[in-house]
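What follows is the content of target-v3.cif (mmCIF, C-alpha atoms).
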```cif
data_entry
#
loop_
_atom_site.label_atom_id
_atom_site.label_comp_id
_atom_site.auth_asym_id
_atom_site.auth_seq_id
_atom_site.Cartn_x
_atom_site.Cartn_y
_atom_site.Cartn_z
CA MET A 1 0.00 0.00 0.00
CA ALA A 2 1.38 3.43 -0.96
CA THR A 3 2.24 5.72 1.95
CA GLN A 4 2.47 9.44 2.55
CA THR A 5 3.76 11.83 5.21
CA ALA A 6 1.21 13.24 7.67
CA LEU A 7 1.09 15.24 10.89
CA ILE A 8 -0.84 13.00 13.25
CA MET A 9 -2.60 13.91 16.49
CA LYS A 10 -1.96 11.02 18.85
CA GLU A 11 -2.97 12.65 22.15
CA VAL A 12 -5.20 15.53 23.19
CA GLY A 13 -3.22 18.63 24.08
CA LYS A 14 0.06 17.28 22.70
CA PRO A 15 2.12 18.38 19.68
CA LEU A 16 1.37 16.67 16.38
CA VAL A 17 3.69 13.86 15.31
CA LYS A 18 5.20 13.46 11.84
CA ALA A 19 4.60 9.92 10.59
CA LEU A 20 3.73 7.77 7.58
CA ARG A 21 0.19 6.60 6.80
CA HIS A 22 -1.57 5.04 3.82
CA ILE A 23 -2.77 7.07 0.83
CA PRO A 24 -6.58 6.64 0.74
CA GLN A 25 -8.49 5.58 -2.35
CA PRO A 26 -11.45 7.64 -3.62
CA GLN A 27 -14.86 5.99 -3.52
CA GLU A 28 -17.97 6.89 -5.55
CA ASN A 29 -18.32 10.66 -6.09
CA GLN A 30 -14.98 11.31 -4.45
CA VAL A 31 -11.56 12.46 -5.64
CA LEU A 32 -8.06 12.06 -4.28
CA VAL A 33 -6.33 15.43 -3.96
CA ARG A 34 -2.60 16.10 -3.83
CA ILE A 35 -2.68 18.83 -1.20
CA VAL A 36 -0.94 22.13 -1.90
CA ALA A 37 -2.42 24.14 1.00
CA ALA A 38 -4.56 23.38 4.04
CA GLY A 39 -6.40 26.08 5.95
CA ILE A 40 -5.88 26.10 9.73
CA ASN A 41 -8.86 27.49 11.66
CA PRO A 42 -9.69 28.10 15.34
CA HIS A 43 -11.68 24.87 15.51
CA ASP A 44 -8.48 22.96 14.71
CA GLN A 45 -6.95 24.36 17.90
CA LYS A 46 -10.03 23.25 19.84
CA CYS A 47 -9.73 19.79 18.29
CA ARG A 48 -6.10 19.52 19.34
CA ASP A 49 -6.51 20.99 22.84
CA LEU A 50 -9.89 19.46 23.77
CA GLY A 51 -10.34 16.51 21.44
CA ILE A 52 -13.51 17.99 19.93
CA LEU A 53 -14.55 16.13 16.73
CA VAL A 54 -11.42 13.94 16.70
CA ASN A 55 -11.50 11.88 19.91
CA GLU A 56 -12.92 8.84 18.12
CA HIS A 57 -9.99 8.85 15.68
CA LEU A 58 -7.17 8.97 18.26
CA PRO A 59 -4.33 8.03 18.14
CA HIS A 60 -4.54 8.50 14.37
CA ALA A 61 -6.44 11.82 14.11
CA ILE A 62 -5.47 14.44 11.54
CA LEU A 63 -6.49 18.11 11.60
CA ALA A 64 -7.51 20.72 8.98
CA ASN A 65 -10.53 20.50 6.69
CA ASP A 66 -10.08 23.39 4.24
CA ILE A 67 -8.19 21.93 1.31
CA SER A 68 -6.70 23.13 -1.95
CA GLY A 69 -4.66 21.09 -4.37
CA ILE A 70 -4.53 19.10 -7.59
CA THR A 71 -6.81 16.22 -8.48
CA GLU A 72 -4.70 13.07 -8.39
CA MET A 73 -7.31 10.32 -8.90
CA ILE A 74 -11.01 10.19 -9.78
CA GLY A 75 -13.48 7.89 -8.03
CA PRO A 76 -16.36 6.04 -9.73
CA GLY A 77 -19.13 8.24 -11.10
CA VAL A 78 -17.16 11.50 -11.01
CA LYS A 79 -17.78 13.70 -14.05
CA LYS A 80 -17.21 17.09 -12.38
CA PHE A 81 -13.40 16.91 -12.29
CA SER A 82 -10.48 15.51 -14.26
CA VAL A 83 -7.02 14.45 -13.15
CA GLY A 84 -4.81 17.55 -12.95
CA ASP A 85 -7.59 20.03 -12.07
CA ARG A 86 -6.81 22.74 -9.50
CA ILE A 87 -9.58 22.32 -6.92
CA PHE A 88 -10.49 23.38 -3.40
CA GLY A 89 -13.12 22.27 -0.92
CA GLN A 90 -14.07 21.40 2.61
CA SER A 91 -13.66 17.82 3.74
CA ASN A 92 -16.25 16.02 5.83
CA ILE A 93 -15.60 17.35 9.35
CA LEU A 94 -18.14 15.21 11.16
CA SER A 95 -17.54 11.74 9.78
CA GLY A 96 -14.82 11.91 7.14
CA GLY A 97 -12.04 10.94 9.52
CA PRO A 98 -8.30 11.12 8.86
CA ASP A 99 -8.62 10.25 5.16
CA GLN A 100 -10.42 13.55 4.58
CA ALA A 101 -8.12 15.81 6.64
CA GLY A 102 -5.57 18.29 5.38
CA LEU A 103 -2.30 17.95 7.30
CA GLN A 104 -0.94 15.29 4.99
CA GLN A 105 0.18 15.00 1.37
CA PHE A 106 -3.02 13.48 -0.06
CA CYS A 107 -6.66 13.45 1.07
CA ILE A 108 -10.16 12.58 -0.12
CA LEU A 109 -12.75 15.23 -1.02
CA ASP A 110 -16.44 14.64 -1.76
CA THR A 111 -17.17 16.22 -5.13
CA GLU A 112 -20.27 18.06 -3.88
CA SER A 113 -18.07 19.94 -1.38
CA ALA A 114 -15.39 20.91 -3.89
CA ALA A 115 -14.97 23.20 -6.90
CA ARG A 116 -12.36 24.27 -9.42
CA ILE A 117 -10.12 27.15 -8.35
CA PRO A 118 -10.50 30.22 -10.59
CA ASP A 119 -7.32 31.18 -12.42
CA ASN A 120 -6.94 34.41 -10.43
CA ILE A 121 -7.03 32.64 -7.05
CA THR A 122 -3.92 31.02 -5.55
CA PHE A 123 -3.91 27.70 -3.69
CA ASP A 124 -3.21 29.56 -0.44
CA GLU A 125 -6.13 31.92 -1.00
CA ALA A 126 -8.48 29.09 -1.96
CA ALA A 127 -7.72 27.27 1.30
CA THR A 128 -9.11 30.22 3.28
CA PHE A 129 -12.54 29.99 1.68
CA PRO A 130 -14.55 26.94 2.76
CA VAL A 131 -15.24 27.17 6.50
CA ASN A 132 -15.07 30.97 6.59
CA ALA A 133 -17.44 31.44 3.65
CA ILE A 134 -19.88 28.72 4.76
CA ALA A 135 -19.99 30.01 8.36
CA SER A 136 -20.50 33.66 7.44
CA PHE A 137 -23.07 32.84 4.76
CA LEU A 138 -25.08 30.79 7.27
CA ALA A 139 -24.69 33.49 9.91
CA LEU A 140 -26.43 36.03 7.70
CA PHE A 141 -28.84 34.04 5.56
CA SER A 142 -29.85 30.87 7.41
CA PRO A 143 -33.37 31.03 8.95
CA ALA A 144 -31.82 29.66 12.16
CA ASP A 145 -29.38 32.58 12.30
CA LEU A 146 -29.99 36.22 11.24
CA ASP A 147 -32.48 35.11 8.56
CA VAL A 148 -31.55 37.95 6.20
CA ARG A 149 -33.54 37.62 2.96
CA PRO A 150 -31.74 39.69 0.30
CA LYS A 151 -32.63 40.33 -3.29
CA PHE A 152 -29.55 38.55 -4.65
CA LEU A 153 -30.94 35.31 -3.20
CA GLY A 154 -34.33 35.81 -4.83
CA HIS A 155 -36.15 37.63 -2.00
CA ASP A 156 -37.65 41.10 -2.12
CA THR A 157 -36.56 42.57 1.22
CA ASP A 158 -34.74 45.93 1.04
CA TYR A 159 -32.05 46.42 3.69
CA ALA A 160 -30.98 49.90 2.63
CA GLN A 161 -32.37 51.37 5.87
CA GLU A 162 -31.10 48.53 8.06
CA THR A 163 -27.87 48.21 10.05
CA ILE A 164 -25.73 45.19 10.82
CA VAL A 165 -22.85 45.05 13.33
CA ILE A 166 -20.03 42.57 12.66
CA ILE A 167 -17.76 42.20 15.68
CA GLY A 168 -14.29 41.20 14.56
CA GLY A 169 -14.37 42.37 10.96
CA SER A 170 -10.68 41.74 10.42
CA SER A 171 -11.01 38.04 11.28
CA ASN A 172 -11.24 35.66 8.32
CA THR A 173 -14.94 34.99 8.88
CA GLY A 174 -15.52 38.67 9.58
CA LYS A 175 -14.11 39.63 6.20
CA PHE A 176 -16.51 37.26 4.44
CA ALA A 177 -19.41 38.53 6.56
CA LEU A 178 -18.64 42.11 5.49
CA GLN A 179 -18.82 41.11 1.83
CA PHE A 180 -22.08 39.17 2.26
CA ALA A 181 -23.58 42.11 4.18
CA ARG A 182 -22.66 44.40 1.28
CA LEU A 183 -24.24 41.98 -1.20
CA ALA A 184 -27.37 41.93 0.97
CA GLY A 185 -27.61 45.71 0.63
CA PHE A 186 -27.33 46.84 4.27
CA GLY A 187 -27.26 50.60 4.51
CA LYS A 188 -24.91 50.59 7.51
CA ILE A 189 -22.30 47.89 7.99
CA ILE A 190 -20.48 48.60 11.25
CA THR A 191 -17.49 46.55 12.29
CA THR A 192 -15.00 46.48 15.15
CA ALA A 193 -11.33 45.82 14.50
CA LYS A 194 -7.86 46.83 15.54
CA ILE A 195 -7.18 49.96 13.55
CA ARG A 196 -4.00 49.48 11.55
CA SER A 197 -1.92 51.83 9.45
CA ASP A 198 -4.48 51.85 6.64
CA GLY A 199 -7.10 53.33 8.99
CA GLY A 200 -9.57 50.57 8.18
CA GLN A 201 -9.52 51.06 4.41
CA ILE A 202 -9.22 47.33 3.67
CA LEU A 203 -12.37 46.61 5.68
CA ARG A 204 -14.20 49.50 4.00
CA ALA A 205 -13.22 48.09 0.62
CA LEU A 206 -14.82 44.79 1.68
CA GLY A 207 -18.07 46.51 2.63
CA ALA A 208 -17.80 48.21 6.02
CA THR A 209 -19.36 51.67 6.18
CA HIS A 210 -17.98 52.30 9.69
CA VAL A 211 -14.86 50.81 11.29
CA ILE A 212 -14.63 51.27 15.06
CA ASP A 213 -11.41 50.67 17.01
CA ARG A 214 -12.00 47.55 19.09
CA GLU A 215 -9.66 48.93 21.78
CA ALA A 216 -11.54 52.23 22.18
CA ALA A 217 -12.59 52.91 25.77
CA ASP A 218 -15.98 54.14 24.56
CA LEU A 219 -16.46 51.39 21.96
CA GLU A 220 -20.06 50.62 22.90
CA ASN A 221 -21.03 54.29 23.01
CA GLN A 222 -19.50 54.90 19.57
CA ILE A 223 -21.56 52.09 18.06
CA ARG A 224 -24.71 53.03 19.96
CA ALA A 225 -24.45 56.56 18.57
CA LEU A 226 -24.80 54.98 15.12
CA VAL A 227 -27.47 52.37 15.86
CA GLY A 228 -29.61 53.91 18.62
CA ASP A 229 -32.07 51.35 19.99
CA ASP A 230 -32.98 49.87 16.62
CA LEU A 231 -30.26 47.27 15.97
CA LEU A 232 -31.62 43.85 14.93
CA TYR A 233 -28.57 42.13 13.41
CA VAL A 234 -25.26 41.26 15.12
CA VAL A 235 -22.60 38.73 14.09
CA ASP A 236 -19.86 38.13 16.68
CA THR A 237 -16.92 36.31 15.11
CA VAL A 238 -14.48 36.48 18.02
CA ASN A 239 -15.96 36.40 21.52
CA GLY A 240 -16.42 33.15 23.36
CA SER A 241 -14.55 30.47 25.22
CA TYR A 242 -13.68 26.79 25.01
CA GLU A 243 -15.09 26.43 28.53
CA GLY A 244 -18.28 28.43 28.01
CA GLY A 245 -19.05 31.09 30.59
CA VAL A 246 -20.45 34.59 30.16
CA HIS A 247 -19.60 36.27 26.86
CA TYR A 248 -21.03 38.39 24.05
CA GLN A 249 -21.70 41.37 26.33
CA LEU A 250 -21.04 43.91 23.55
CA GLY A 251 -23.12 42.22 20.87
CA LEU A 252 -26.06 41.56 23.17
CA SER A 253 -25.92 45.04 24.70
CA LEU A 254 -26.17 46.66 21.27
CA LEU A 255 -29.35 44.79 20.26
CA SER A 256 -32.61 46.71 20.42
CA THR A 257 -34.67 46.54 23.61
CA LYS A 258 -37.94 47.41 21.85
CA LYS A 259 -37.60 45.05 18.85
CA LYS A 260 -36.59 41.38 18.77
CA GLY A 261 -33.10 41.18 17.32
CA ALA A 262 -30.69 38.32 16.69
CA LEU A 263 -27.12 37.61 17.78
CA VAL A 264 -25.12 34.98 15.87
CA THR A 265 -21.83 33.73 17.31
CA LEU A 266 -19.02 31.52 16.08
CA MET A 267 -17.78 30.64 19.54
CA ASP A 268 -19.58 28.83 22.33
CA GLY A 269 -20.63 30.64 25.50
CA GLU A 270 -23.58 31.98 27.46
CA VAL A 271 -24.99 35.50 27.45
CA ASP A 272 -24.96 37.73 30.52
CA PRO A 273 -28.38 37.25 32.16
CA ALA A 274 -28.39 40.84 33.44
CA ILE A 275 -27.99 42.21 29.91
CA ALA A 276 -30.45 39.67 28.54
CA ALA A 277 -33.07 40.86 31.02
CA THR A 278 -32.96 44.36 29.48
CA LYS A 279 -34.12 43.00 26.10
CA THR A 280 -37.82 43.34 26.88
CA ALA A 281 -38.83 42.44 23.31
CA GLY A 282 -36.69 39.30 23.49
CA PHE A 283 -33.84 38.20 21.23
CA ARG A 284 -32.49 35.15 19.41
CA LYS A 285 -28.98 33.77 19.87
CA HIS A 286 -27.51 31.01 17.75
CA GLN A 287 -24.03 29.54 17.31
CA VAL A 288 -23.21 28.86 13.67
CA PHE A 289 -21.07 25.91 12.59
CA GLY A 290 -19.47 26.21 9.18
CA ALA A 291 -19.44 22.56 8.11
CA SER A 292 -20.27 21.68 4.51
CA ASP A 293 -21.44 18.19 5.40
CA MET A 294 -24.13 19.65 7.68
CA HIS A 295 -25.41 21.78 4.77
CA PRO A 296 -24.90 19.71 1.60
CA GLU A 297 -27.21 21.76 -0.63
CA LEU A 298 -25.45 25.00 0.31
CA ALA A 299 -22.04 23.39 -0.12
CA ALA A 300 -22.97 22.13 -3.58
#
```

As structure tokens, the full file:
Amino acid sequence: MATQTALIMKEVGKPLVKALRHIPQPQENQVLVRIVAAGINPHDQKCRDLGILVNEHLPHAILANDISGITEMIGPGVKKFSVGDRIFGQSNILSGGPDQAGLQQFCILDTESAARIPDNITFDEAATFPVNAIASFLALFSPADLDVRPKFLGHDTDYAQETIVIIGGSSNTGKFALQFARLAGFGKIITTAKIRSDGGQILRALGATHVIDREAADLENQIRALVGDDLLYVVDTVNGSYEGGVHYQLGLSLLSTKKKGALVTLMDGEVDPAIAATKTAGFRKHQVFGASDMHPELAA
């Protein structure tokens, strides 16, 4: 059996180990990819430090699920790709196991969760797309999340008079959320970020109408001056904890008290009950999980 080099997670909380393992064979509607780049995301750190999603595969677990590379072998029934294609995709996080992970030379991708890489996109760039794009798209447009219904998705709602706050706009998911918010037509797209030498111009180019310094002492007051008590849409890409606890104070505080708004988070955690009690019209909170295999139609 042919072998390859991989970085293997043998124990929770321990460094990965370089070792040899078999090269998997693609099954029906799958391809074997020679990996050029693998995207590392915060959930990979949680997997390593806490064993989330990978415990059942120890001591042979492999991390990373955002893949870009070159099609090496085609499985039965595959018509979408040919050997030699530049492709990228998200491997099956929940049940794909080590054969579908990225920290090795070759891996399996399901064809419905993969696509050709456009000529103007590098392998490195392509490997940043899957989880970040899926998570931010769900955060805005899934009925379980913000339930935004924009015209570009076939709805007739006009968001020109609406505001969205994206906490952590300079994070990878935040940058995608800014672009989706712009596509949705939000009149105000407010984001928090560390203000760098460009003064927030990169984030404005992606869609932000207002960039607020995340380290400002009066951060909440600056945002509230823009949103008043009418804010219905908040995406928090950064706050939370592996261990849970009380988080999301800023995002929850900014939501309207007189209208029922929604807070979508990427990280786990519980809201502050004292702040929650001030939301007399109620609110929705949901944690989004950017896994293609949980949303096969969207991934396709």

>> Take the PyMOL selection byres ((chain A and resi 182-189) around 8), run it mentally on this structure, and tell me the resulting residues as a VMD selection string.
In response: chain A and resid 148 to 152 158 to 166 178 to 181 190 to 191 206 to 210

>> Translate the PyMOL selection byres ((chain A and resi 24-36) around 6) into a concrete residue list for this structure, as a PyMOL selection string.
In response: chain A and resi 23+37+68-78+105-111

> On this structure, which residues satisfy the PyMOL selection byres ((chain A and resi 281) around 6), written as a list in words?
Replying inline: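 Output from the PyMOL selection byres ((chain A and resi 281) around 6), applied to this file: Thr257, Lys258, Lys259, Lys260, Lys279, Thr280 and Gly282 of chain A.
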
>> Between A:Glu220, A:Gly168, A:Leu50, A:Ala144, which residue has the minimum interatomic distance to Ile195 (chain A), considering all atoms listed in the file?
In response: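 For Ile195 (chain A), the nearest of the given residues is A:Gly168.
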
>> Between CA of Gly13 (chain A) and CA of Arg48 (chain A), what is the distance in Å, rounded to a tenth?
In response: 5.6 Å

>> Which residues are close to Ile52 (chain A), i.e. within 9 Å by all atoms listed in the file, leaving aside same-chain residues fewer than 6 positions away? Reply as a PyMOL selection string.
In response: chain A and resi 43-44+46

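Counting all atoms listed in the file and comparing A:Asp230, A:Asp156, A:Asp213, A:Asp236, the residue that lies closest to Ala177 (chain A) is A:Asp236.
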